[in-house]
Amino acid sequence: MESRKTAIFTDLDGTLIDFNDYSSELARPYVQRLIELGHLVVFCSSKTFGEQRVLQQELGIEMPCIVENGSAIVAPPGFWDESIAPMRIVDGWQRVELGKPAAEIRQRLNRVESKFGESLRGFSTMMTEDVASITGLDIISARRAQEREYSETLSAKLPEDVWESLDSAFEYEGLKALPGGRFRTVIDSSADKGAAIRVFGELWRAQSSDTLISFGLGDSENDQELLENVDWPHLVKRPNGSWAGLSGRRIEKVNGVGPKGWVKVAQQLIGEEQPV
Ligand SMILES: [Mg+2]
C-alpha cells in the first residue's frame, strides 16, 4: 500500500491562535492529537522562529516551521537529511533559507522611506514599550517580535491607496510589503509562504517515498499563497465573522472564527483516523 504523510500548513495569528488575545488554548489538544497520529503540523506565518518556537513549546511540540512569511523553513535537528539541500544549522535546527538577512532588508527599506519622505515605523526602530502597547504583547514577546531575521514589520497607519502607491518603490528595491492581520511585513520579493511550501514538498520528496498530503489553514489575504500551494486549502473566519476575500477556486470556507474554525478542520482530520 502506498504510504502517506499528512502535513497541516497553518497560519498562526487569527487562525491557530486567537486574533485578540493570542491564546493557543482552543487548538492545543488538537495539535497534540494530530501529531500523535503521525501528522506534521507546520506553522507558516509572519512570526519569527523565536516566536514560533515559544508557541511550539507552549503546545509541547517540536516540528518544522515556515517563518517570516516564507523567508525560511526551520526544522528540528535531524529532520532533514542534510545532503538533500544547502542548509544552515543554527542551534542544531536546520534552516533552508529563501529570504535575505534583515540587515539587508532594512537597508533597502531605508531607501524606500527616504523616497517616501517619512518613516514607515518599522518595529526594529521603535521602543519595545511602544511595540508592546500597539500589539498588546507583553514586553518580552514584544522584544521577540522586534528581533526579525529576514523581514521588518511596519506599524505606520496609512490609507490603503498610499500603501498601494508605495508598491513600486518596494518593488524597485526587490522588496514586497505584505498586509497581515494588523501590520504590513516587508520581505525579500522572492520569499513567500507558497514558495516555502513548494520547497518543503521538494525536500520531502528528496528524502521520503511517502506521498505528502497537504492541508492549509489561513484567515487573511496574506495566506493566499499558502492556500494556493496545498492540496486541501481552508479559510477560517475573521473576528468580524466574515471570510477574507481570497480568490481561490478550491478554498473550503470554514464556518468558525479563527481557532474555532481551525478546531473544526482538525476534528475532521482526526475523525478520519478513528477506526470505523
Ligand atoms: Mg493570520
# chains A, B, ... in the order shown; residues from 1 in each chain; ligands from 1
>>> closest_atom_pairs(of="chain A", to="ligand 1", cutoff="10 Å", atoms="only C-alpha atoms and all ligand atoms", output="JSON lines")
{"residue": "A:Thr10", "atom": "CA", "partner": "ligand 1", "partner_atom_place_in_ligand_line": "1 (Mg)", "distance": 9.1}
{"residue": "A:Asp11", "atom": "CA", "partner": "ligand 1", "partner_atom_place_in_ligand_line": "1 (Mg)", "distance": 5.6}
{"residue": "A:Leu12", "atom": "CA", "partner": "ligand 1", "partner_atom_place_in_ligand_line": "1 (Mg)", "distance": 5.7}
{"residue": "A:Asp13", "atom": "CA", "partner": "ligand 1", "partner_atom_place_in_ligand_line": "1 (Mg)", "distance": 4.2}
{"residue": "A:Gly14", "atom": "CA", "partner": "ligand 1", "partner_atom_place_in_ligand_line": "1 (Mg)", "distance": 4.6}
{"residue": "A:Thr15", "atom": "CA", "partner": "ligand 1", "partner_atom_place_in_ligand_line": "1 (Mg)", "distance": 5.6}
{"residue": "A:Leu16", "atom": "CA", "partner": "ligand 1", "partner_atom_place_in_ligand_line": "1 (Mg)", "distance": 8.4}
{"residue": "A:Ile17", "atom": "CA", "partner": "ligand 1", "partner_atom_place_in_ligand_line": "1 (Mg)", "distance": 8.7}
{"residue": "A:Asp18", "atom": "CA", "partner": "ligand 1", "partner_atom_place_in_ligand_line": "1 (Mg)", "distance": 9.5}
{"residue": "A:Phe19", "atom": "CA", "partner": "ligand 1", "partner_atom_place_in_ligand_line": "1 (Mg)", "distance": 7.7}
{"residue": "A:Cys44", "atom": "CA", "partner": "ligand 1", "partner_atom_place_in_ligand_line": "1 (Mg)", "distance": 9.6}
{"residue": "A:Ser45", "atom": "CA", "partner": "ligand 1", "partner_atom_place_in_ligand_line": "1 (Mg)", "distance": 7.3}
{"residue": "A:Ser46", "atom": "CA", "partner": "ligand 1", "partner_atom_place_in_ligand_line": "1 (Mg)", "distance": 8.4}
{"residue": "A:Pro179", "atom": "CA", "partner": "ligand 1", "partner_atom_place_in_ligand_line": "1 (Mg)", "distance": 9.8}
{"residue": "A:Gly180", "atom": "CA", "partner": "ligand 1", "partner_atom_place_in_ligand_line": "1 (Mg)", "distance": 6.4}
{"residue": "A:Gly181", "atom": "CA", "partner": "ligand 1", "partner_atom_place_in_ligand_line": "1 (Mg)", "distance": 5.5}
{"residue": "A:Arg182", "atom": "CA", "partner": "ligand 1", "partner_atom_place_in_ligand_line": "1 (Mg)", "distance": 8.9}
{"residue": "A:Leu217", "atom": "CA", "partner": "ligand 1", "partner_atom_place_in_ligand_line": "1 (Mg)", "distance": 9.3}
{"residue": "A:Gly218", "atom": "CA", "partner": "ligand 1", "partner_atom_place_in_ligand_line": "1 (Mg)", "distance": 6.0}
{"residue": "A:Asp219", "atom": "CA", "partner": "ligand 1", "partner_atom_place_in_ligand_line": "1 (Mg)", "distance": 5.0}
{"residue": "A:Ser220", "atom": "CA", "partner": "ligand 1", "partner_atom_place_in_ligand_line": "1 (Mg)", "distance": 5.4}
{"residue": "A:Glu221", "atom": "CA", "partner": "ligand 1", "partner_atom_place_in_ligand_line": "1 (Mg)", "distance": 8.4}
{"residue": "A:Asn222", "atom": "CA", "partner": "ligand 1", "partner_atom_place_in_ligand_line": "1 (Mg)", "distance": 7.1}
{"residue": "A:Asp223", "atom": "CA", "partner": "ligand 1", "partner_atom_place_in_ligand_line": "1 (Mg)", "distance": 7.2}
{"residue": "A:Val236", "atom": "CA", "partner": "ligand 1", "partner_atom_place_in_ligand_line": "1 (Mg)", "distance": 9.5}
{"residue": "A:Arg238", "atom": "CA", "partner": "ligand 1", "partner_atom_place_in_ligand_line": "1 (Mg)", "distance": 8.7}
{"residue": "A:Gly258", "atom": "CA", "partner": "ligand 1", "partner_atom_place_in_ligand_line": "1 (Mg)", "distance": 8.5}
>>> select_by_dssp(residues="segment 8-200 of chain A", states="alpha helix (DSSP H)", output="PyMOL selection string")
chain A and resi 28-36+49-59+102-116+128-135+139-146+160-172+193-200
>>> residues_around(residues="segment 134-148 of chain A", least_positions_apart="5", cutoff="9 Å", atoms="only C-alpha atoms", output="ChimeraX atom specification")
/A:20-22,47-51,68,101-102,122-126,128-129,153,155,182
>>> closest_residue(among="A:Val254, A:Ala72, A:Ala196, A:Leu40", to="Gly99 of chain A", atoms="only C-alpha atoms")
A:Ala72
>>> atom_distance(atom1="atom CA of Glu104 of chain A", atom2="atom CA of Glu228 of chain A")
28.6 Å
>>> closest_residue(among="A:Ala195, A:Val42, A:Ile61, A:Val54", to="Gly216 of chain A", atoms="only C-alpha atoms")
A:Val42
>>> residues_around(residues="Leu203 of chain A", least_positions_apart="4", cutoff="10 Å", atoms="only C-alpha atoms", output="PyMOL selection string")
chain A and resi 80-81+84-85+96+197-199+207-208
>>> atom_distance(atom1="atom CA of Arg108 of chain A", atom2="atom CA of Glu173 of chain A")
5.9 Å
>>> atom_distance(atom1="atom CA of Leu166 of chain A", atom2="atom CA of Phe116 of chain A")
7.7 Å
>>> select_by_dssp(residues="segment 126-207 of chain A", states="strand (DSSP E)", output="MDAnalysis selection string")
chainID A and resid 152:154 175:179 184:188
>>> write_last_selection(atoms="N, CA and C atoms", output="PDB file, in the first residue's frame")
ATOM      1  N   GLU A 152      10.925  42.937   8.162  1.00  0.00           N
ATOM      2  CA  GLU A 152      10.640  44.040   9.078  1.00  0.00           C
ATOM      3  C   GLU A 152       9.129  44.258   9.107  1.00  0.00           C
ATOM      4  N   THR A 153       8.578  44.436  10.302  1.00  0.00           N
ATOM      5  CA  THR A 153       7.150  44.714  10.435  1.00  0.00           C
ATOM      6  C   THR A 153       6.956  46.229  10.462  1.00  0.00           C
ATOM      7  N   LEU A 154       6.025  46.722   9.661  1.00  0.00           N
ATOM      8  CA  LEU A 154       5.776  48.165   9.605  1.00  0.00           C
ATOM      9  C   LEU A 154       4.490  48.478  10.346  1.00  0.00           C
ATOM     10  N   LEU A 175      11.768  44.334  -2.837  1.00  0.00           N
ATOM     11  CA  LEU A 175      11.018  44.050  -1.612  1.00  0.00           C
ATOM     12  C   LEU A 175       9.544  43.921  -1.938  1.00  0.00           C
ATOM     13  N   LYS A 176       8.799  43.344  -1.001  1.00  0.00           N
ATOM     14  CA  LYS A 176       7.342  43.464  -1.084  1.00  0.00           C
ATOM     15  C   LYS A 176       6.790  43.646   0.314  1.00  0.00           C
ATOM     16  N   ALA A 177       5.690  44.391   0.386  1.00  0.00           N
ATOM     17  CA  ALA A 177       5.050  44.670   1.673  1.00  0.00           C
ATOM     18  C   ALA A 177       3.747  43.890   1.722  1.00  0.00           C
ATOM     19  N   LEU A 178       3.689  42.909   2.612  1.00  0.00           N
ATOM     20  CA  LEU A 178       2.508  42.038   2.680  1.00  0.00           C
ATOM     21  C   LEU A 178       1.581  42.496   3.793  1.00  0.00           C
ATOM     22  N   PRO A 179       0.296  42.689   3.486  1.00  0.00           N
ATOM     23  CA  PRO A 179      -0.630  43.028   4.564  1.00  0.00           C
ATOM     24  C   PRO A 179      -0.920  41.803   5.417  1.00  0.00           C
ATOM     25  N   ARG A 184       1.795  45.564   8.151  1.00  0.00           N
ATOM     26  CA  ARG A 184       2.432  45.054   6.948  1.00  0.00           C
ATOM     27  C   ARG A 184       3.815  44.525   7.287  1.00  0.00           C
ATOM     28  N   THR A 185       4.215  43.499   6.574  1.00  0.00           N
ATOM     29  CA  THR A 185       5.548  42.937   6.766  1.00  0.00           C
ATOM     30  C   THR A 185       6.304  43.073   5.456  1.00  0.00           C
ATOM     31  N   VAL A 186       7.524  43.578   5.542  1.00  0.00           N
ATOM     32  CA  VAL A 186       8.348  43.728   4.343  1.00  0.00           C
ATOM     33  C   VAL A 186       9.369  42.598   4.281  1.00  0.00           C
ATOM     34  N   ILE A 187       9.393  41.911   3.156  1.00  0.00           N
ATOM     35  CA  ILE A 187      10.353  40.826   2.973  1.00  0.00           C
ATOM     36  C   ILE A 187      10.968  40.916   1.576  1.00  0.00           C
ATOM     37  N   ASP A 188      11.971  40.098   1.354  1.00  0.00           N
ATOM     38  CA  ASP A 188      12.570  39.986   0.026  1.00  0.00           C
ATOM     39  C   ASP A 188      11.491  39.502  -0.934  1.00  0.00           C
TER      40      ASP A 188
END
>>> closest_residue(among="A:Gly256, A:Gly261, A:Gly174, A:Gly38", to="Arg106 of chain A", atoms="only C-alpha atoms")
A:Gly174
>>> closest_residue(among="A:Val31, A:Ala75, A:Ala7, A:Ile66", to="Gln267 of chain A", atoms="only C-alpha atoms")
A:Val31
>>> residues_around(residues="Gly271 of chain A", least_positions_apart="4", cutoff="12 Å", atoms="only C-alpha atoms", output="ChimeraX atom specification")
/A:30,33-34,37,263-267,275-276
>>> residues_around(residues="Phe79 of chain A", least_positions_apart="6", cutoff="10 Å", atoms="only C-alpha atoms", output="list in words")
Met63, Pro64, Trp93 and Gln94 of chain A
>>> write_last_selection(atoms="C-alpha atoms", output="CSV table (one decimal), in the first residue's frame")
chain,number,residue,atom,x,y,z
A,63,MET,CA,8.0,20.5,14.4
A,64,PRO,CA,9.4,22.1,11.2
A,93,TRP,CA,17.9,23.5,13.9
A,94,GLN,CA,18.1,23.1,10.1
>>> closest_residue(among="A:Ala169, A:Ala103, A:Val112, A:Leu59", to="Val41 of chain A", atoms="only C-alpha atoms")
A:Leu59
